[in-house]
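Q: Starting off with a structure, shown below.
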Amino acid sequence: MDLYEYQGKELFRRFGIPVSEGRLATSPAEARTAAEEIGAQVVVKAQVLTGGRGKAGGIKLADGPDDAERKAEDIIGLDINGHVVRKLWVESASEIAKEYYLSATFDRGAKKVLFMLTTEGGIEIEELAARSPEALARLHVDPLEGFQPYQARRVIYGAGIDDPGEQMQIMSILERLYRCFVESDATLCEINPLIVTPEGEVRALDSKFTVDENALYKHEDIAAMRDPEAYPPEERAAREKGVTYVKLDGDVGILGNGAGLVMSTLDVIALVGGRPANFCDLGGGGDAQGVVDALGVITADPQVKSILFNIFAGITRCDVVARGILQALSEITIEHPIVVRFDGTNAEEGREILAEAAPPNLHVEPTMLEAARRAVELAA
Ligand code: GDP
Ligand code: MN
């Protein structure tokens, strides 16, 4: 789960990583009040779950309450990479002498936390990694040893930070960021930029924070940070119903049972020249209600033009899935053509049930390849 900048900064603050004072605002009037309370020059920052806000005009300095209100008017409603701004973070403005970059990520290959630190902050890190990889100091932390002070020194020297005051502060930030990362079950904590003020104070000016979804049960406070309005309606419905749903950008909606089967269905759609709009995994169950829920989620995606139902029944039974499809069709209006391929347990019974009911928009195909072709044709 991705957190907003202000939520990530709240976690940073709890772990003692220095951040600026700020307030959340959802209207220009609130931005004005926030600026009055902070009482100095402020920066008004769009809160959206995407990066590059600065370039998109989502971050503006303001001279005082009047100006903060005006800047808030400009930023609210702005579309940043498909995310419409509804919330602002109004923060005491910082003077910036230097912009560094610091992140902790989970390196799955190494099975370790990876720190990256560079003095060339403020820019996209992928860009820097490609252009001058030697400028990026990297450090893996062994989870059994934990984070050691000598490692902090190594990564700081590696990045070429030679000011003793900065070294001291970054030492402590690294140690705290490691604790913050591990204790929050994060998969990413990125500070870009980590700034040095003209007085030599080091502070996190931005936060990109991702927490492992599967660990949220351990963190009620972080789980409560989820903003349902940040997700499209079908993703919200999927989460509420416990349906595994992934949005893609083609026009064939895919429903299958089991991750492996769903992945190969995506491949077969591509093979016959189509593009999946999304996919839902019914998992091992595939009971009638599960089918109803999944079809509801898939058809809520406006990009879907046809639906491919690919079931290979082992534990699942095709007759149960067939009844689920008919139940869904009786409960929700589905105008999209639906192509069904059944194989495995009770496939024949499943096909018979569908043939008897014979809904006009339902097409049964004998193989995965033929079903994929049909679904792609019907989407055209
Ligand atoms: P991003 O564009 O989404 O990564 O948003 P950031 O929070 O990183 O802000 C982008 C840029 O805006 C930073 O790199 C800074 O140059 C600038 N910026 C943000 N906050 C302040 C501030 O308090 N003072 C000044 N002078 N610049 C700021
Ligand atoms: Mn940034």
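In the structure tokens, each chain is lettered A, B, ... as it comes, each chain's residues begin at 1, and ligands are numbered from 1 in order of appearance.
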Which residues of chain A come within 10 Å of ligand 1, and for each one, what is the closest pair of atoms and their distance in Å to one decimal, counting only C-alpha atoms and all ligand atoms, sorted by chain and residue number, as JSON lines?

A:
```
{"residue": "A:Glu5", "atom": "CA", "partner": "ligand 1", "partner_atom_place_in_ligand_line": "7 (O)", "distance": 7.8}
{"residue": "A:Ser20", "atom": "CA", "partner": "ligand 1", "partner_atom_place_in_ligand_line": "23 (O)", "distance": 8.2}
{"residue": "A:Gln41", "atom": "CA", "partner": "ligand 1", "partner_atom_place_in_ligand_line": "23 (O)", "distance": 8.7}
{"residue": "A:Val42", "atom": "CA", "partner": "ligand 1", "partner_atom_place_in_ligand_line": "23 (O)", "distance": 6.9}
{"residue": "A:Val43", "atom": "CA", "partner": "ligand 1", "partner_atom_place_in_ligand_line": "23 (O)", "distance": 5.4}
{"residue": "A:Val44", "atom": "CA", "partner": "ligand 1", "partner_atom_place_in_ligand_line": "20 (N)", "distance": 8.1}
{"residue": "A:Lys45", "atom": "CA", "partner": "ligand 1", "partner_atom_place_in_ligand_line": "7 (O)", "distance": 7.2}
{"residue": "A:Ala46", "atom": "CA", "partner": "ligand 1", "partner_atom_place_in_ligand_line": "3 (O)", "distance": 8.3}
{"residue": "A:Gln47", "atom": "CA", "partner": "ligand 1", "partner_atom_place_in_ligand_line": "3 (O)", "distance": 8.8}
{"residue": "A:Val48", "atom": "CA", "partner": "ligand 1", "partner_atom_place_in_ligand_line": "3 (O)", "distance": 8.6}
{"residue": "A:Leu49", "atom": "CA", "partner": "ligand 1", "partner_atom_place_in_ligand_line": "3 (O)", "distance": 9.3}
{"residue": "A:Thr50", "atom": "CA", "partner": "ligand 1", "partner_atom_place_in_ligand_line": "3 (O)", "distance": 7.1}
{"residue": "A:Gly51", "atom": "CA", "partner": "ligand 1", "partner_atom_place_in_ligand_line": "3 (O)", "distance": 4.3}
{"residue": "A:Gly52", "atom": "CA", "partner": "ligand 1", "partner_atom_place_in_ligand_line": "2 (O)", "distance": 4.0}
{"residue": "A:Arg53", "atom": "CA", "partner": "ligand 1", "partner_atom_place_in_ligand_line": "3 (O)", "distance": 3.7}
{"residue": "A:Gly54", "atom": "CA", "partner": "ligand 1", "partner_atom_place_in_ligand_line": "2 (O)", "distance": 3.5}
{"residue": "A:Lys55", "atom": "CA", "partner": "ligand 1", "partner_atom_place_in_ligand_line": "2 (O)", "distance": 6.0}
{"residue": "A:Ala56", "atom": "CA", "partner": "ligand 1", "partner_atom_place_in_ligand_line": "2 (O)", "distance": 7.8}
{"residue": "A:Gly57", "atom": "CA", "partner": "ligand 1", "partner_atom_place_in_ligand_line": "2 (O)", "distance": 8.7}
{"residue": "A:Gly58", "atom": "CA", "partner": "ligand 1", "partner_atom_place_in_ligand_line": "2 (O)", "distance": 7.7}
{"residue": "A:Ile59", "atom": "CA", "partner": "ligand 1", "partner_atom_place_in_ligand_line": "12 (O)", "distance": 6.1}
{"residue": "A:Lys60", "atom": "CA", "partner": "ligand 1", "partner_atom_place_in_ligand_line": "12 (O)", "distance": 7.6}
{"residue": "A:Leu61", "atom": "CA", "partner": "ligand 1", "partner_atom_place_in_ligand_line": "24 (N)", "distance": 6.9}
{"residue": "A:Ala62", "atom": "CA", "partner": "ligand 1", "partner_atom_place_in_ligand_line": "24 (N)", "distance": 9.8}
{"residue": "A:Ile80", "atom": "CA", "partner": "ligand 1", "partner_atom_place_in_ligand_line": "3 (O)", "distance": 9.8}
{"residue": "A:Val90", "atom": "CA", "partner": "ligand 1", "partner_atom_place_in_ligand_line": "23 (O)", "distance": 9.5}
{"residue": "A:Glu91", "atom": "CA", "partner": "ligand 1", "partner_atom_place_in_ligand_line": "23 (O)", "distance": 7.0}
{"residue": "A:Ser92", "atom": "CA", "partner": "ligand 1", "partner_atom_place_in_ligand_line": "23 (O)", "distance": 6.4}
{"residue": "A:Ala93", "atom": "CA", "partner": "ligand 1", "partner_atom_place_in_ligand_line": "23 (O)", "distance": 3.5}
{"residue": "A:Ser94", "atom": "CA", "partner": "ligand 1", "partner_atom_place_in_ligand_line": "23 (O)", "distance": 3.8}
{"residue": "A:Glu95", "atom": "CA", "partner": "ligand 1", "partner_atom_place_in_ligand_line": "26 (N)", "distance": 5.1}
{"residue": "A:Ile96", "atom": "CA", "partner": "ligand 1", "partner_atom_place_in_ligand_line": "26 (N)", "distance": 5.6}
{"residue": "A:Ala97", "atom": "CA", "partner": "ligand 1", "partner_atom_place_in_ligand_line": "26 (N)", "distance": 9.0}
{"residue": "A:Lys98", "atom": "CA", "partner": "ligand 1", "partner_atom_place_in_ligand_line": "16 (O)", "distance": 9.5}
{"residue": "A:Glu99", "atom": "CA", "partner": "ligand 1", "partner_atom_place_in_ligand_line": "14 (O)", "distance": 7.2}
{"residue": "A:Tyr100", "atom": "CA", "partner": "ligand 1", "partner_atom_place_in_ligand_line": "14 (O)", "distance": 9.4}
{"residue": "A:Tyr101", "atom": "CA", "partner": "ligand 1", "partner_atom_place_in_ligand_line": "8 (O)", "distance": 9.9}
{"residue": "A:Gly121", "atom": "CA", "partner": "ligand 1", "partner_atom_place_in_ligand_line": "14 (O)", "distance": 7.7}
{"residue": "A:Gly122", "atom": "CA", "partner": "ligand 1", "partner_atom_place_in_ligand_line": "14 (O)", "distance": 4.5}
{"residue": "A:Ile123", "atom": "CA", "partner": "ligand 1", "partner_atom_place_in_ligand_line": "14 (O)", "distance": 7.4}
{"residue": "A:Glu124", "atom": "CA", "partner": "ligand 1", "partner_atom_place_in_ligand_line": "4 (O)", "distance": 8.3}
{"residue": "A:Glu190", "atom": "CA", "partner": "ligand 1", "partner_atom_place_in_ligand_line": "4 (O)", "distance": 10.0}
{"residue": "A:Ile191", "atom": "CA", "partner": "ligand 1", "partner_atom_place_in_ligand_line": "8 (O)", "distance": 8.0}
{"residue": "A:Asn192", "atom": "CA", "partner": "ligand 1", "partner_atom_place_in_ligand_line": "8 (O)", "distance": 5.4}
{"residue": "A:Pro193", "atom": "CA", "partner": "ligand 1", "partner_atom_place_in_ligand_line": "14 (O)", "distance": 5.5}
{"residue": "A:Leu194", "atom": "CA", "partner": "ligand 1", "partner_atom_place_in_ligand_line": "8 (O)", "distance": 8.8}
{"residue": "A:Ile195", "atom": "CA", "partner": "ligand 1", "partner_atom_place_in_ligand_line": "14 (O)", "distance": 8.7}
{"residue": "A:Thr197", "atom": "CA", "partner": "ligand 1", "partner_atom_place_in_ligand_line": "26 (N)", "distance": 9.7}
{"residue": "A:Ala204", "atom": "CA", "partner": "ligand 1", "partner_atom_place_in_ligand_line": "7 (O)", "distance": 9.1}
{"residue": "A:Leu205", "atom": "CA", "partner": "ligand 1", "partner_atom_place_in_ligand_line": "7 (O)", "distance": 5.8}
{"residue": "A:Asp206", "atom": "CA", "partner": "ligand 1", "partner_atom_place_in_ligand_line": "7 (O)", "distance": 4.2}
{"residue": "A:Ser207", "atom": "CA", "partner": "ligand 1", "partner_atom_place_in_ligand_line": "7 (O)", "distance": 7.2}
{"residue": "A:Lys208", "atom": "CA", "partner": "ligand 1", "partner_atom_place_in_ligand_line": "4 (O)", "distance": 8.5}
```

Q: Stretch 243-252 of chain A: which residues within 6 Å, counting only C-alpha atoms, same-chain residues fewer than 3 positions away excluded, as a ChimeraX atom specification?

A: /A:238,275-281,303-307

Q: Would you kindly return, as a list in words, each protein, DNA or RNA residue with an atom no farther than 10 Å from any atom of stretch 217-224 of chain A, considering only C-alpha atoms and excluding same-chain residues fewer than 4 positions away?

A: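 In the requested format, the answer is Met1, Leu3, Gln7, Gly8, Leu11, Glu183, Ser184, Asp185, Val211 and Glu213 of chain A.
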
Q: Could you save the residues just selected, with N, CA, C and O atoms, as a CSV table (one decimal), in the first residue's frame?

A:
```
chain,number,residue,atom,x,y,z
A,1,MET,N,0.8,-1.2,0.0
A,1,MET,CA,0.0,0.0,0.0
A,1,MET,C,0.9,1.3,0.0
A,1,MET,O,1.8,1.4,0.8
A,3,LEU,N,1.6,5.1,0.6
A,3,LEU,CA,1.1,6.2,1.5
A,3,LEU,C,1.3,7.6,0.9
A,3,LEU,O,2.2,7.7,0.0
A,7,GLN,N,1.5,11.2,5.1
A,7,GLN,CA,1.4,10.0,6.0
A,7,GLN,C,2.8,9.4,6.2
A,7,GLN,O,3.2,9.0,7.3
A,8,GLY,N,3.6,9.3,5.1
A,8,GLY,CA,5.0,8.8,5.3
A,8,GLY,C,5.8,9.7,6.2
A,8,GLY,O,6.5,9.2,7.1
A,11,LEU,N,5.1,8.9,9.8
A,11,LEU,CA,5.8,7.8,10.3
A,11,LEU,C,7.3,8.1,10.5
A,11,LEU,O,7.9,7.7,11.5
A,183,GLU,N,10.2,-1.9,11.1
A,183,GLU,CA,9.1,-1.9,12.1
A,183,GLU,C,7.8,-1.5,11.4
A,183,GLU,O,6.7,-1.9,12.0
A,184,SER,N,7.8,-0.9,10.3
A,184,SER,CA,6.6,-0.6,9.6
A,184,SER,C,6.3,-1.6,8.5
A,184,SER,O,5.3,-1.5,7.8
A,185,ASP,N,7.1,-2.6,8.4
A,185,ASP,CA,7.0,-3.6,7.3
A,185,ASP,C,6.9,-2.9,5.9
A,185,ASP,O,6.1,-3.2,5.1
A,211,VAL,N,4.1,0.2,2.1
A,211,VAL,CA,4.0,-0.8,3.1
A,211,VAL,C,3.5,-2.1,2.5
A,211,VAL,O,2.6,-2.1,1.7
A,213,GLU,N,1.4,-5.0,1.8
A,213,GLU,CA,-0.1,-5.2,2.1
A,213,GLU,C,-0.3,-6.4,3.0
A,213,GLU,O,-1.2,-6.4,3.8
```

Q: Using only C-alpha atoms, determine which residues lie at most 12 Å from A:Leu255, disregarding the query and same-chain residues fewer than 6 positions distant; provide the list as an NGL selection string.

A: :A and (243-246 or 261-266 or 276-283 or 286 or 290-299 or 306-312 or 321 or 325 or 338-342 or 372 or 375)

Q: Which of stretch 77-258 of chain A end up as alpha helix (DSSP H) when DSSP is run on this backbone - answer as a PyMOL selection string?

A: chain A and resi 125-131+149-158+164-183+220-223+233-241

Q: Can you work out the spacing between atom CA of A:Thr33 and atom CA of A:Glu201 in Å, to one decimal?

A: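 The value is 27.3 Å.
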
Q: Nearest to ligand 2 among A:Val364, A:Leu24, A:Ile315, A:Leu102, with distances taken over only C-alpha atoms and all ligand atoms: which residue is it?

A: A:Leu102

Q: Which residues are close to stretch 149-160 of chain A, i.e. within 10 Å by only C-alpha atoms, leaving aside same-chain residues fewer than 6 positions away? Reply as a list of chain:residue names.

A: A:Tyr100, A:Tyr101, A:Phe115, A:Met116, A:Leu117, A:Thr118, A:Thr119, A:Glu120, A:Glu134, A:Ala135, A:Leu136, A:Ala137, A:Arg138, A:Leu139, A:His140, A:Val141, A:Glu166, A:Gln167, A:Met168, A:Ile170, A:Met171, A:Ser172, A:Ile173, A:Leu174, A:Glu175

Q: Using DSSP on the backbone coordinates, identify all residues within stretch 30-163 of chain A classified as strand (DSSP E); present the result as number ranges by chain.

A: A: 42-47, 59-62, 79-80, 83-84, 87-92, 98-107, 112-118, 137-141

Q: Please compute the atom CA of A:Ala371-atom CA of A:Pro233 distance, one decimal, in Å.

A: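 Pair atom CA of A:Ala371 / atom CA of A:Pro233 returns 28.0 Å.
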
Q: So, counting only C-alpha atoms, which residue among A:Ser27, A:Lys111, A:Phe12, A:Asp74 is closest to A:Cys189?

A: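 Ranking A:Ser27, A:Lys111, A:Phe12, A:Asp74 by distance to A:Cys189, first place goes to A:Phe12.
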
Q: Near A:Pro359, counting only C-alpha atoms, which residues have an atom at most 12 Å away, once you skip same-chain residues fewer than 4 positions from it, shown as a list in words?

A: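 So the residues in contact are Ala322, Ile325, Leu326, Gln327, Ala328, Leu329, Ser330, Thr333, Ile334, Glu335, His336, Pro337, Ile338, Val339, Ile353, Leu354, Ala355, His363 and Val364 of chain A.
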
Q: Just to confirm, what's the straight-line distance from atom CA of A:Gly82 to atom CA of A:Arg239 in Å (one decimal)?

A: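 Result for atom CA of A:Gly82 versus atom CA of A:Arg239: 20.6 Å, one decimal.
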
Q: For A:Thr26, work out the shell of residues within 7 Å, counting only C-alpha atoms and skipping chain neighbours fewer than 6 positions away, then give it as a list in words.

A: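 So, after excluding close chain neighbours, the residues are Arg86, Lys87 and Leu88 of chain A.
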